[in-house]
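Next up, model_28.txt (compact mmCIF, C-alpha atoms):
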```
# COMPACT_ATOMS: atom_id res chain seq x y z
CA MET A 25 0.00 0.00 0.00
CA THR A 26 2.30 2.77 -1.17
CA VAL A 27 1.90 6.15 -2.73
CA VAL A 28 3.10 6.36 -6.30
CA SER A 29 4.50 8.34 -9.24
CA ALA A 30 4.16 10.80 -12.16
CA LEU A 31 1.24 13.19 -12.21
CA LEU A 32 -2.26 12.16 -11.93
CA ALA A 33 -4.62 13.31 -14.55
CA ALA A 34 -8.17 12.20 -14.11
CA CYS A 35 -9.70 10.78 -17.24
CA SER A 36 -12.62 13.09 -16.76
CA GLY A 37 -10.42 16.15 -16.75
CA GLY A 38 -8.07 17.89 -14.37
CA MET A 39 -4.33 18.35 -14.62
CA SER A 40 -1.99 16.20 -16.61
CA VAL A 41 1.73 15.76 -16.72
CA GLY A 42 4.26 15.92 -19.45
CA GLY A 43 5.52 12.40 -19.08
CA GLY A 44 6.80 11.97 -22.61
CA SER A 45 5.60 9.41 -25.11
CA PRO A 46 6.52 5.75 -25.27
CA SER A 47 9.35 4.95 -27.63
CA LEU A 48 6.91 2.74 -29.49
CA ALA A 49 4.40 5.55 -29.98
CA ASP A 50 2.69 5.52 -33.37
CA ALA A 51 -0.13 7.93 -34.08
CA ASN A 52 -1.14 5.87 -37.11
CA SER A 53 -1.61 2.69 -35.11
CA LYS A 54 -5.09 1.74 -33.98
CA TYR A 55 -3.63 1.32 -30.49
CA GLY A 56 -1.47 4.45 -30.34
CA PHE A 57 1.77 2.45 -30.31
CA ARG A 58 3.60 -0.05 -32.52
CA PRO A 59 2.68 -3.51 -31.24
CA ALA A 60 4.95 -6.50 -31.48
CA PRO A 61 4.11 -9.17 -34.08
CA GLN A 62 0.96 -10.81 -32.74
CA ASP A 63 0.30 -14.48 -31.98
CA ALA A 64 -3.38 -14.73 -31.07
CA GLY A 65 -2.97 -18.29 -29.81
CA GLY A 66 0.16 -17.65 -27.80
CA VAL A 67 0.62 -17.94 -24.07
CA ILE A 68 0.26 -14.80 -21.96
CA THR A 69 2.41 -14.44 -18.86
CA VAL A 70 0.64 -12.81 -15.92
CA TRP A 71 2.39 -11.54 -12.79
CA VAL A 72 0.29 -11.48 -9.62
CA ASP A 73 0.75 -11.16 -5.87
CA SER A 74 -0.71 -13.73 -3.48
CA SER A 75 -3.95 -11.79 -2.96
CA ARG A 76 -4.66 -11.63 -6.69
CA LEU A 77 -3.71 -15.24 -7.37
CA PRO A 78 -7.33 -16.46 -6.96
CA ALA A 79 -8.47 -13.96 -9.60
CA ALA A 80 -5.86 -15.18 -12.08
CA LYS A 81 -6.77 -18.82 -11.45
CA ALA A 82 -10.47 -18.01 -11.78
CA PHE A 83 -9.84 -16.41 -15.18
CA GLU A 84 -7.85 -19.43 -16.29
CA LYS A 85 -10.68 -21.73 -15.24
CA ALA A 86 -13.35 -19.62 -16.92
CA HIS A 87 -11.37 -19.23 -20.16
CA PRO A 88 -9.87 -22.60 -21.11
CA ASP A 89 -9.27 -21.27 -24.62
CA VAL A 90 -6.68 -18.77 -23.32
CA LYS A 91 -3.24 -20.09 -22.46
CA VAL A 92 -2.05 -18.42 -19.26
CA LYS A 93 1.24 -18.71 -17.40
CA ILE A 94 0.76 -17.37 -13.87
CA VAL A 95 3.84 -16.10 -12.04
CA SER A 96 3.64 -15.11 -8.37
CA TYR A 97 5.76 -12.20 -7.12
CA ASP A 98 5.63 -9.52 -4.43
CA GLY A 99 3.47 -7.13 -6.45
CA GLY A 100 5.75 -4.22 -5.60
CA ALA A 101 4.68 -4.35 -1.96
CA ASN A 102 6.39 -2.06 0.55
CA GLY A 103 7.99 0.00 -2.19
CA SER A 104 10.08 -2.89 -3.57
CA ASN A 105 9.74 -1.60 -7.17
CA THR A 106 10.18 -5.16 -8.42
CA PHE A 107 8.07 -4.55 -11.53
CA LYS A 108 10.15 -1.52 -12.47
CA THR A 109 13.50 -3.15 -11.76
CA LYS A 110 12.76 -6.29 -13.74
CA SER A 111 11.16 -4.36 -16.60
CA HIS A 112 14.35 -2.33 -17.01
CA LEU A 113 16.36 -5.55 -17.09
CA TYR A 114 14.07 -6.95 -19.78
CA ASP A 115 14.36 -3.69 -21.72
CA ARG A 116 18.12 -4.20 -21.87
CA ALA A 117 17.78 -7.89 -22.71
CA GLY A 118 15.10 -7.28 -25.31
CA SER A 119 12.81 -10.00 -23.97
CA GLY A 120 11.17 -11.42 -20.85
CA TRP A 121 8.39 -8.90 -20.22
CA PRO A 122 5.14 -10.19 -18.71
CA ASP A 123 2.04 -9.59 -20.83
CA VAL A 124 0.07 -8.39 -17.79
CA ALA A 125 1.29 -7.42 -14.34
CA PHE A 126 -0.46 -6.49 -11.12
CA THR A 127 1.10 -4.01 -8.71
CA THR A 128 0.00 -2.95 -5.26
CA ASP A 129 0.98 0.59 -6.15
CA ASN A 130 0.09 2.76 -9.12
CA ASN A 131 3.41 4.38 -9.98
CA ALA A 132 4.41 2.39 -13.04
CA ALA A 133 3.06 5.14 -15.31
CA SER A 134 5.76 7.46 -13.96
CA TRP A 135 8.52 5.41 -15.58
CA GLY A 136 6.68 3.21 -18.08
CA SER A 137 5.40 6.19 -20.07
CA LEU A 138 8.71 8.01 -20.44
CA SER A 139 10.47 8.39 -23.76
CA GLY A 140 13.04 5.66 -24.20
CA THR A 141 11.12 2.96 -22.36
CA GLY A 142 7.75 2.24 -23.92
CA ALA A 143 7.25 -0.52 -21.38
CA LEU A 144 3.53 0.02 -20.91
CA ALA A 145 0.76 -0.10 -23.45
CA PRO A 146 -1.51 2.96 -23.65
CA LEU A 147 -5.03 1.69 -22.99
CA ASN A 148 -7.30 4.52 -24.08
CA LYS A 149 -5.95 4.92 -27.61
CA GLY A 150 -7.95 2.02 -28.98
CA LEU A 151 -6.65 -1.00 -27.09
CA VAL A 152 -9.40 -1.01 -24.45
CA PRO A 153 -12.92 0.13 -25.44
CA SER A 154 -13.96 3.49 -24.03
CA SER A 155 -17.15 1.86 -22.76
CA THR A 156 -14.99 -0.30 -20.49
CA LEU A 157 -12.83 2.58 -19.30
CA ASP A 158 -15.90 4.71 -18.60
CA GLY A 159 -17.14 2.03 -16.22
CA PHE A 160 -14.48 2.81 -13.60
CA ALA A 161 -15.19 5.12 -10.67
CA THR A 162 -14.56 8.83 -11.22
CA GLY A 163 -10.85 9.50 -10.95
CA ALA A 164 -9.97 5.81 -10.52
CA LEU A 165 -7.58 5.85 -13.48
CA ALA A 166 -6.03 9.20 -12.54
CA PRO A 167 -2.93 7.74 -10.81
CA CYS A 168 -1.92 5.98 -14.04
CA THR A 169 -2.91 8.67 -16.54
CA VAL A 170 -0.16 10.82 -18.06
CA ASP A 171 -0.89 13.58 -20.58
CA GLY A 172 -4.37 12.17 -21.07
CA THR A 173 -3.12 8.65 -21.75
CA ALA A 174 -4.25 5.90 -19.37
CA TYR A 175 -1.77 3.08 -18.75
CA CYS A 176 -3.58 0.89 -16.26
CA LEU A 177 -6.87 -0.62 -15.19
CA ARG A 178 -7.29 -0.06 -11.46
CA ASN A 179 -8.01 -3.25 -9.60
CA ASP A 180 -9.33 -1.78 -6.37
CA LEU A 181 -9.82 1.48 -4.52
CA ALA A 182 -8.85 2.36 -0.97
CA GLN A 183 -10.84 5.54 -0.38
CA ASN A 184 -10.89 6.76 3.21
CA VAL A 185 -14.13 6.87 5.17
CA LEU A 186 -15.02 6.97 8.87
CA TRP A 187 -15.41 3.53 10.41
CA TYR A 188 -17.14 3.54 13.79
CA ASN A 189 -18.72 1.30 16.39
CA LYS A 190 -22.42 2.06 16.02
CA SER A 191 -23.36 0.08 19.11
CA LEU A 192 -21.18 2.24 21.34
CA MET A 193 -22.08 5.49 19.58
CA ASP A 194 -25.77 4.76 20.12
CA LYS A 195 -25.24 3.63 23.69
CA TRP A 196 -23.34 6.77 24.62
CA GLY A 197 -25.58 9.12 22.68
CA TYR A 198 -22.86 10.39 20.34
CA GLU A 199 -23.57 11.75 16.88
CA VAL A 200 -21.36 10.58 14.03
CA PRO A 201 -19.09 13.51 13.06
CA THR A 202 -18.84 14.68 9.46
CA THR A 203 -16.02 17.20 9.84
CA TRP A 204 -12.58 16.98 11.40
CA GLU A 205 -13.58 19.79 13.75
CA GLN A 206 -16.55 17.78 15.04
CA TYR A 207 -14.34 14.71 15.22
CA GLU A 208 -11.86 16.49 17.49
CA GLN A 209 -14.63 17.82 19.72
CA LEU A 210 -16.05 14.33 20.12
CA ALA A 211 -12.57 13.00 20.86
CA GLY A 212 -12.39 15.44 23.76
CA ARG A 213 -15.63 14.07 25.16
CA VAL A 214 -14.41 10.49 24.76
CA ALA A 215 -11.19 11.32 26.61
CA ALA A 216 -13.18 12.73 29.53
CA GLU A 217 -16.16 10.36 29.59
CA HIS A 218 -14.68 7.06 28.39
CA PRO A 219 -10.90 7.11 28.92
CA GLY A 220 -9.08 4.30 27.16
CA TYR A 221 -11.25 4.37 24.05
CA ILE A 222 -9.69 5.63 20.83
CA VAL A 223 -10.96 7.50 17.77
CA GLY A 224 -8.03 6.91 15.42
CA THR A 225 -4.54 5.56 14.91
CA ALA A 226 -1.27 7.25 13.93
CA GLY A 227 1.18 4.41 14.40
CA ASP A 228 1.49 3.27 10.81
CA ALA A 229 3.41 4.46 7.76
CA TRP A 230 0.16 5.23 5.91
CA THR A 231 -0.91 7.83 8.49
CA PRO A 232 -0.22 10.78 6.12
CA GLU A 233 -2.47 9.21 3.49
CA ILE A 234 -5.37 9.53 5.91
CA TYR A 235 -4.80 12.79 7.75
CA MET A 236 -2.43 14.80 5.52
CA TRP A 237 -3.97 13.78 2.22
CA GLY A 238 -7.47 14.38 3.57
CA SER A 239 -6.40 17.86 4.70
CA GLN A 240 -5.08 18.71 1.20
CA CYS A 241 -1.54 19.04 2.51
CA PRO A 242 0.69 19.95 -0.47
CA ALA A 243 3.49 17.59 0.47
CA ASN A 244 3.29 15.40 -2.60
CA GLN A 245 2.21 17.46 -5.61
CA VAL A 246 3.69 15.83 -8.69
CA THR A 247 3.43 18.46 -11.41
CA ALA A 248 5.36 16.72 -14.18
CA ALA A 249 6.95 13.35 -14.77
CA LYS A 250 10.09 14.51 -12.96
CA SER A 251 8.85 17.50 -10.96
CA VAL A 252 7.36 17.64 -7.49
CA THR A 253 6.27 20.50 -5.25
CA VAL A 254 6.67 20.06 -1.49
CA ASN A 255 5.48 22.38 1.26
CA THR A 256 4.92 20.65 4.58
CA SER A 257 4.72 24.02 6.33
CA ASP A 258 1.47 24.85 4.55
CA PRO A 259 -1.49 25.57 6.87
CA ALA A 260 -3.25 22.47 5.54
CA CYS A 261 -0.36 20.32 6.77
CA LEU A 262 -0.11 22.16 10.07
CA ARG A 263 -3.77 21.72 10.97
CA ALA A 264 -3.58 17.97 10.38
CA ALA A 265 -0.38 17.70 12.42
CA LYS A 266 -1.85 19.70 15.29
CA LEU A 267 -4.97 17.56 15.24
CA LEU A 268 -2.86 14.42 15.56
CA ASP A 269 -0.77 15.94 18.35
CA ARG A 270 -3.79 17.03 20.40
CA LEU A 271 -5.47 13.65 20.12
CA ILE A 272 -2.25 11.82 20.93
CA ALA A 273 -1.93 14.04 23.99
CA ASN A 274 -5.43 13.20 25.27
CA ARG A 275 -4.82 9.52 24.48
CA THR A 276 -7.69 9.09 22.03
CA MET A 277 -5.25 8.67 19.13
CA SER A 278 -3.29 5.45 19.25
CA THR A 279 0.37 5.42 18.24
CA LEU A 280 0.59 1.63 18.06
CA PRO A 281 0.85 -0.18 14.69
CA LEU A 282 -2.65 -1.20 13.71
CA PHE A 283 -1.68 -4.77 12.83
CA GLY A 284 0.73 -5.23 15.70
CA PRO A 285 -0.02 -7.63 18.55
CA GLU A 286 0.03 -4.81 21.10
CA PHE A 287 -2.78 -2.91 19.41
CA ALA A 288 -5.10 -5.91 19.19
CA LYS A 289 -4.39 -6.82 22.82
CA GLU A 290 -4.45 -3.37 24.42
CA GLN A 291 -6.79 -1.29 22.26
CA GLY A 292 -8.52 -3.60 19.79
CA GLY A 293 -11.64 -3.82 21.92
CA LYS A 294 -11.79 -0.07 22.56
CA VAL A 295 -12.09 1.35 19.06
CA LEU A 296 -14.91 3.88 18.88
CA MET A 297 -13.95 5.45 15.54
CA LEU A 298 -11.25 4.83 12.95
CA PRO A 299 -10.73 7.06 9.90
CA GLY A 300 -9.27 4.85 7.21
CA PRO A 301 -9.59 3.06 3.87
CA SER A 302 -12.34 0.86 2.53
CA TRP A 303 -10.34 -2.28 3.29
CA TYR A 304 -10.44 -1.66 7.06
CA GLY A 305 -13.81 -3.40 7.25
CA GLY A 306 -12.52 -6.81 6.26
CA SER A 307 -8.83 -6.62 7.11
CA VAL A 308 -9.03 -4.76 10.42
CA PHE A 309 -12.41 -5.27 12.07
CA GLN A 310 -13.34 -8.71 10.77
CA GLY A 311 -9.74 -9.88 10.51
CA ALA A 312 -7.09 -8.47 12.83
CA LEU A 313 -9.42 -7.36 15.63
CA GLY A 314 -12.17 -9.94 15.32
CA THR A 315 -14.84 -7.37 16.20
CA PRO A 316 -18.21 -9.14 16.57
CA GLY A 317 -20.81 -8.64 13.87
CA GLY A 318 -23.58 -6.08 14.14
CA GLN A 319 -21.38 -3.35 15.65
CA ILE A 320 -19.39 -1.69 12.88
CA ALA A 321 -20.76 0.95 10.50
CA VAL A 322 -19.36 3.42 7.98
CA GLY A 323 -19.75 7.18 7.93
CA ALA A 324 -18.90 9.68 5.21
CA PRO A 325 -15.22 10.62 5.02
CA LEU A 326 -14.36 13.44 7.37
CA HIS A 327 -13.58 16.81 5.81
CA TRP A 328 -12.49 20.22 7.06
CA ARG A 329 -15.21 22.86 7.15
CA ASP A 330 -13.51 25.02 4.53
CA GLN A 331 -13.28 22.20 2.01
CA ASN A 332 -15.88 22.66 -0.71
CA PRO A 333 -16.43 20.16 -2.14
CA PRO A 334 -15.36 17.67 0.55
CA VAL A 335 -12.33 15.52 -0.24
CA THR A 336 -10.69 12.48 1.25
CA GLY A 337 -7.46 10.51 0.97
CA SER A 338 -6.64 6.96 -0.05
CA VAL A 339 -4.49 4.15 1.34
CA GLY A 340 -3.53 1.79 -1.44
CA GLY A 341 -5.47 0.32 -4.32
CA GLY A 342 -3.61 -1.72 -6.93
CA ALA A 343 -3.55 -1.76 -10.72
CA TRP A 344 -3.16 -4.02 -13.75
CA TRP A 345 -0.69 -3.06 -16.49
CA ILE A 346 -0.43 -4.44 -20.03
CA SER A 347 2.97 -4.59 -21.70
CA SER A 348 3.46 -2.82 -25.01
CA HIS A 349 5.68 -5.79 -25.91
CA SER A 350 2.89 -8.37 -25.57
CA LYS A 351 2.54 -10.70 -28.55
CA ASN A 352 -1.05 -11.50 -27.62
CA LEU A 353 -2.69 -8.19 -26.82
CA THR A 354 -6.16 -9.58 -27.37
CA ALA A 355 -5.75 -12.13 -24.59
CA ALA A 356 -3.92 -9.65 -22.36
CA VAL A 357 -6.77 -7.14 -22.60
CA ARG A 358 -9.29 -9.92 -22.11
CA PHE A 359 -7.57 -10.96 -18.89
CA ALA A 360 -7.13 -7.44 -17.46
CA THR A 361 -10.70 -6.39 -18.15
CA TRP A 362 -12.19 -9.63 -16.82
CA VAL A 363 -10.40 -9.53 -13.46
CA THR A 364 -11.25 -5.86 -12.89
CA MET A 365 -14.90 -6.20 -13.84
CA HIS A 366 -15.64 -9.08 -11.47
CA ALA A 367 -16.50 -8.76 -7.80
CA SER A 368 -15.97 -12.40 -6.84
CA PHE A 369 -13.85 -15.32 -7.92
CA ASP A 370 -15.00 -18.92 -7.58
CA GLY A 371 -17.78 -17.80 -5.27
CA LYS A 372 -15.56 -15.76 -2.95
CA PRO A 373 -15.81 -11.95 -2.90
CA ALA A 374 -12.75 -10.00 -3.98
CA PRO A 375 -10.73 -8.96 -0.91
CA THR A 376 -11.00 -5.23 -1.61
CA TYR A 377 -13.37 -2.61 -3.04
CA PRO A 378 -13.37 -2.92 -6.87
CA ALA A 379 -12.45 0.15 -8.90
CA HIS A 380 -14.95 -0.76 -11.58
CA SER A 381 -18.31 0.72 -10.58
CA ALA A 382 -20.51 -2.22 -11.62
CA ALA A 383 -18.22 -4.66 -9.84
CA ALA A 384 -18.24 -2.41 -6.78
CA THR A 385 -22.04 -2.52 -6.68
CA GLN A 386 -21.96 -6.31 -6.71
CA TRP A 387 -19.19 -6.38 -4.12
CA LEU A 388 -21.10 -4.10 -1.76
CA SER A 389 -24.23 -6.23 -2.10
CA ALA A 390 -22.21 -9.28 -1.11
CA GLN A 391 -20.78 -7.44 1.89
CA GLN A 392 -24.25 -6.50 3.08
CA ALA A 393 -25.58 -9.99 2.48
CA GLY A 394 -22.96 -11.30 4.87
CA GLY A 395 -24.78 -9.60 7.73
CA TYR A 396 -21.65 -8.36 9.48
CA TYR A 397 -22.25 -4.61 9.39
CA ALA A 398 -24.63 -2.66 11.59
CA GLN A 399 -26.08 -0.76 8.64
CA ASP A 400 -25.70 -0.29 4.89
CA ILE A 401 -22.08 0.58 4.15
CA ALA A 402 -22.63 1.26 0.44
CA PRO A 403 -23.67 4.97 0.33
CA PRO A 404 -20.59 6.43 2.11
CA LEU A 405 -18.17 4.12 0.32
CA VAL A 406 -19.62 4.87 -3.11
CA ALA A 407 -19.58 8.61 -2.42
CA ALA A 408 -16.01 8.53 -1.10
CA ALA A 409 -14.81 6.67 -4.19
CA GLY A 410 -15.29 9.86 -6.18
CA GLN A 411 -13.96 12.26 -3.54
CA VAL A 412 -10.28 11.33 -3.40
CA TRP A 413 -8.25 14.55 -3.68
CA PRO A 414 -6.13 14.47 -6.89
CA GLY A 415 -3.54 16.85 -5.47
CA TRP A 416 -1.67 14.06 -3.70
CA GLY A 417 0.61 12.73 -6.41
CA SER A 418 2.15 9.41 -7.30
CA ALA A 419 5.92 9.80 -7.33
CA GLU A 420 8.50 7.05 -7.73
CA PHE A 421 9.45 7.38 -4.08
CA SER A 422 7.29 5.96 -1.32
CA GLN A 423 5.70 8.56 0.94
CA GLU A 424 5.01 5.81 3.45
CA ALA A 425 8.71 4.94 3.69
CA LEU A 426 9.68 8.60 4.07
CA TRP A 427 7.04 9.22 6.74
CA ALA A 428 8.18 6.16 8.67
CA LYS A 429 11.79 7.35 8.58
CA SER A 430 11.28 11.03 9.28
CA VAL A 431 8.08 11.29 11.33
CA GLN A 432 7.09 7.94 12.75
CA ALA A 433 10.56 7.36 14.17
CA GLY A 434 10.43 10.76 15.87
CA MET A 435 7.01 10.08 17.32
CA VAL A 436 8.41 6.98 18.98
CA ARG A 437 10.95 9.28 20.69
CA GLY A 438 8.11 11.43 21.98
CA GLU A 439 8.43 14.28 19.48
CA SER A 440 5.32 16.01 18.15
CA VAL A 441 4.12 15.53 14.59
CA GLU A 442 4.17 19.29 14.07
CA SER A 443 7.81 19.53 15.11
CA LEU A 444 8.72 16.75 12.66
CA LEU A 445 7.20 18.37 9.57
CA PRO A 446 10.52 20.01 8.57
CA ALA A 447 12.22 16.60 8.74
CA TRP A 448 9.51 15.17 6.52
CA GLN A 449 10.03 18.06 4.07
CA LYS A 450 13.77 17.42 3.95
CA ALA A 451 13.30 13.68 3.46
CA ILE A 452 10.97 14.22 0.49
CA GLU A 453 13.29 16.80 -1.08
CA GLN A 454 16.34 14.55 -0.76
CA GLU A 455 14.60 11.44 -2.09
CA GLY A 456 13.15 13.36 -5.01
CA GLN A 457 16.56 14.77 -5.94
CA VAL A 458 18.17 11.33 -5.75
CA LEU A 459 15.61 10.06 -8.26
CA GLY A 460 16.15 12.97 -10.59
CA TYR A 461 13.12 15.07 -9.71
CA ARG A 462 13.04 18.83 -9.95
CA VAL A 463 11.89 19.66 -6.42
CA ARG A 464 10.01 22.91 -5.90
CA THR A 465 9.79 24.25 -2.36
CA PRO A 466 8.18 27.33 -0.72
```
Structure rendered as structure tokens:
Amino acid sequence: MTVVSALLAACSGGMSVGGGSPSLADANSKYGFRPAPQDAGGVITVWVDSSRLPAAKAFEKAHPDVKVKIVSYDGGANGSNTFKTKSHLYDRAGSGWPDVAFTTDNNAASWGSLSGTGALAPLNKGLVPSSTLDGFATGALAPCTVDGTAYCLRNDLAQNVLWYNKSLMDKWGYEVPTTWEQYEQLAGRVAAEHPGYIVGTAGDAWTPEIYMWGSQCPANQVTAAKSVTVNTSDPACLRAAKLLDRLIANRTMSTLPLFGPEFAKEQGGKVLMLPGPSWYGGSVFQGALGTPGGQIAVGAPLHWRDQNPPVTGSVGGGAWWISSHSKNLTAAVRFATWVTMHASFDGKPAPTYPAHSAAATQWLSAQQAGGYYAQDIAPPLVAAAGQVWPGWGSAEFSQEALWAKSVQAGMVRGESVESLLPAWQKAIEQEGQVLGYRVRTP
């Protein structure tokens, strides 16, 4: 679950980056690039992580006429950049590319679209029907769109919402907050009236993707393929940092890792609210914490009062990429579209919220049918899917890794988040420069 590269340009409009054109670009081609000689009956090689393996096997079972070689790898998890590293090796060797690859991040467009590589196939130049692309949630393809060209099909979304324990909220007579200001006020009441209960967590590397991104903090504004603007001293960053510090001080904001044994043991049963991504429902409450059914509900993502329209952040969401070197583009497109347009595989729901709107509707129905949630979770999740702020870019460096090194480590020493913002700024600047970015600062 990392943040990723190049600039995001929503397919429905918005900003775009000058990422350069693939070396195989061909305006006269029906696909927008020069494809390799095609072999319609050839084997396609598909790279998947362990979580997407069931989807690949389900496709193989449902399409016996398509020859598929499934290769398991880390999916680029934790900023490994395996897809990028191996693709560059194959570029030099002139062979070896997978036909389709899944990544847990969305940054491949930052390097796969640059002149001199041509590693990724443009999808919206004729390769994938516009009717298919239009079926994805608003802005879903933005992280992999460069200069109006989309290079991926998003597998899943990780839009942030407000998870809360409805049973406790009702019992204590609390109203579900809709703004960060209301959220902080309620946290004060919780600290005084029910000490020990928490309303959020700040002990993980994805903390900035919830609180900073949702505050529209300009710490990660990728304005071109190799240009990023960073200003962690902006008021939007400061208000989020101060919020975290005040809630940490009154002990309603946990600083323990969410999936660590200490959190489950010490605070897992005392979660009143938890701002976070769509996957918290299954992975955190049903999985790591084992919260009993009938308690958990979802509220609209929190926003600051001056945000109009409201926006939210995102923690993860993977993507499927098709190689421009594929010798069986028909089968590659068939695979990528099939796995993104399905909400379940062999009778089991996909593990995360699908990026394709029709699949998301089916997925949400299955979640409700399971009877775990205290009320309908669909409306806030569907709304939040289209509210992710596009100003938080997707650079080659991992914001999660930089936050862990510059802020999280300081928090462990007892330093405030606000005091660590300059260190975060410096870490982003240095990493960007190492990777060849033009870094703009205040």
Per residue of region 125-198 of chain A within 9 Å of region 406-427 of chain A, what are the shortest atom pair and its distance in Å to one decimal, counting all atoms listed in the file, with rows by chain and residue number, as JSON lines?
```
{"residue": "A:Asp129", "atom": "CA", "partner": "A:Ser418", "partner_atom": "CA", "distance": 9.0}
{"residue": "A:Asn130", "atom": "CA", "partner": "A:Ser418", "partner_atom": "CA", "distance": 7.2}
{"residue": "A:Asn131", "atom": "CA", "partner": "A:Ser418", "partner_atom": "CA", "distance": 5.8}
{"residue": "A:Ala132", "atom": "CA", "partner": "A:Glu420", "partner_atom": "CA", "distance": 8.2}
{"residue": "A:Ser134", "atom": "CA", "partner": "A:Glu420", "partner_atom": "CA", "distance": 6.8}
{"residue": "A:Trp135", "atom": "CA", "partner": "A:Glu420", "partner_atom": "CA", "distance": 8.0}
{"residue": "A:Ala161", "atom": "CA", "partner": "A:Gly410", "partner_atom": "CA", "distance": 6.5}
{"residue": "A:Thr162", "atom": "CA", "partner": "A:Gly410", "partner_atom": "CA", "distance": 5.2}
{"residue": "A:Gly163", "atom": "CA", "partner": "A:Gly410", "partner_atom": "CA", "distance": 6.5}
{"residue": "A:Ala164", "atom": "CA", "partner": "A:Gly410", "partner_atom": "CA", "distance": 8.0}
{"residue": "A:Ala166", "atom": "CA", "partner": "A:Pro414", "partner_atom": "CA", "distance": 7.7}
{"residue": "A:Pro167", "atom": "CA", "partner": "A:Ser418", "partner_atom": "CA", "distance": 6.4}
{"residue": "A:Cys168", "atom": "CA", "partner": "A:Ser418", "partner_atom": "CA", "distance": 8.6}
{"residue": "A:Leu181", "atom": "CA", "partner": "A:Ala409", "partner_atom": "CA", "distance": 7.2}
{"residue": "A:Ala182", "atom": "CA", "partner": "A:Ala409", "partner_atom": "CA", "distance": 8.0}
{"residue": "A:Gln183", "atom": "CA", "partner": "A:Ala409", "partner_atom": "CA", "distance": 5.6}
{"residue": "A:Asn184", "atom": "CA", "partner": "A:Ala408", "partner_atom": "CA", "distance": 6.9}
{"residue": "A:Val185", "atom": "CA", "partner": "A:Ala408", "partner_atom": "CA", "distance": 6.8}
```
Closest of A:Ala64, A:Gln399, A:Gly212, A:Asn352 to Ala273 (chain A) - atom-to-atom distances counting all atoms listed in the file: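 Distance minimum relative to Ala273 (chain A) lands on A:Gly212.
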By how many Å are CA of Val252 (chain A) and CA of Gln454 (chain A) apart? 11.6 Å
Given all atoms listed in the file as the counted atoms, nearest of A:Leu151, A:Ala384, A:Leu405, A:Val458 to Leu186 (chain A): A:Leu405
Take the point (-19.0, 1.9, 21.7) as written in the file and pick out every residue within 9 Å of it, counting only C-alpha atoms; give the list as a ChimeraX atom specification. /A:188-196,221,294-297,319
Find the distance between CA of Asn148 (chain A) and CA of Arg76 (chain A) and write it in Å to one decimal. 23.9 Å
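Taking only C-alpha atoms into account, Ile452 (chain A) lies nearest to A:Pro242 out of the set A:Pro242, A:Gln392, A:Leu271, A:Pro285.
Nearest-residue note for Asp228 (chain A): choosing from A:Ser278, A:Asn332, A:Thr203, A:Gln209, the minimum distance belongs to A:Ser278, counting all atoms listed in the file.
Taking only C-alpha atoms into account, Leu282 (chain A) lies nearest to A:Ala312 out of the set A:Ser239, A:Tyr207, A:Ala312, A:Tyr396.
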How many Å separate CA of Thr106 (chain A) from CA of Gly311 (chain A)?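 A separation of 27.9 Å between them.
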Which residues of region 177-260 of chain A sit at most 8 Å from region 355-367 of chain A, using all atoms listed in the file? Give each one's shortest atom pair and distance in Å (one decimal place), in chain and ascending residue order, as a tab-separated table.
```
residue	atom	partner	partner_atom	distance
A:Leu177	CA	A:Ala360	CA	7.2
A:Arg178	CA	A:Thr364	CA	7.2
A:Asn179	CA	A:Thr364	CA	5.3
A:Asp180	CA	A:Thr364	CA	7.9
```
Nearest candidate to Pro375 (chain A) (options A:Pro325, A:Glu233, A:Leu77, A:Arg116; using all atoms listed in the file): A:Leu77
Do a neighbour search on Asp98 (chain A) at 8 Å with only C-alpha atoms, toss out local chain neighbours closer than 5 positions, and write the hits as a compact mmCIF listing (two decimals) with C-alpha atoms, keeping the file's coordinate frame.
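New file result_6.txt:
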```txt
# COMPACT_ATOMS: atom_id res chain seq x y z
CA VAL A 72 0.29 -11.48 -9.62
CA ASP A 73 0.75 -11.16 -5.87
CA SER A 74 -0.71 -13.73 -3.48
CA THR A 106 10.18 -5.16 -8.42
```
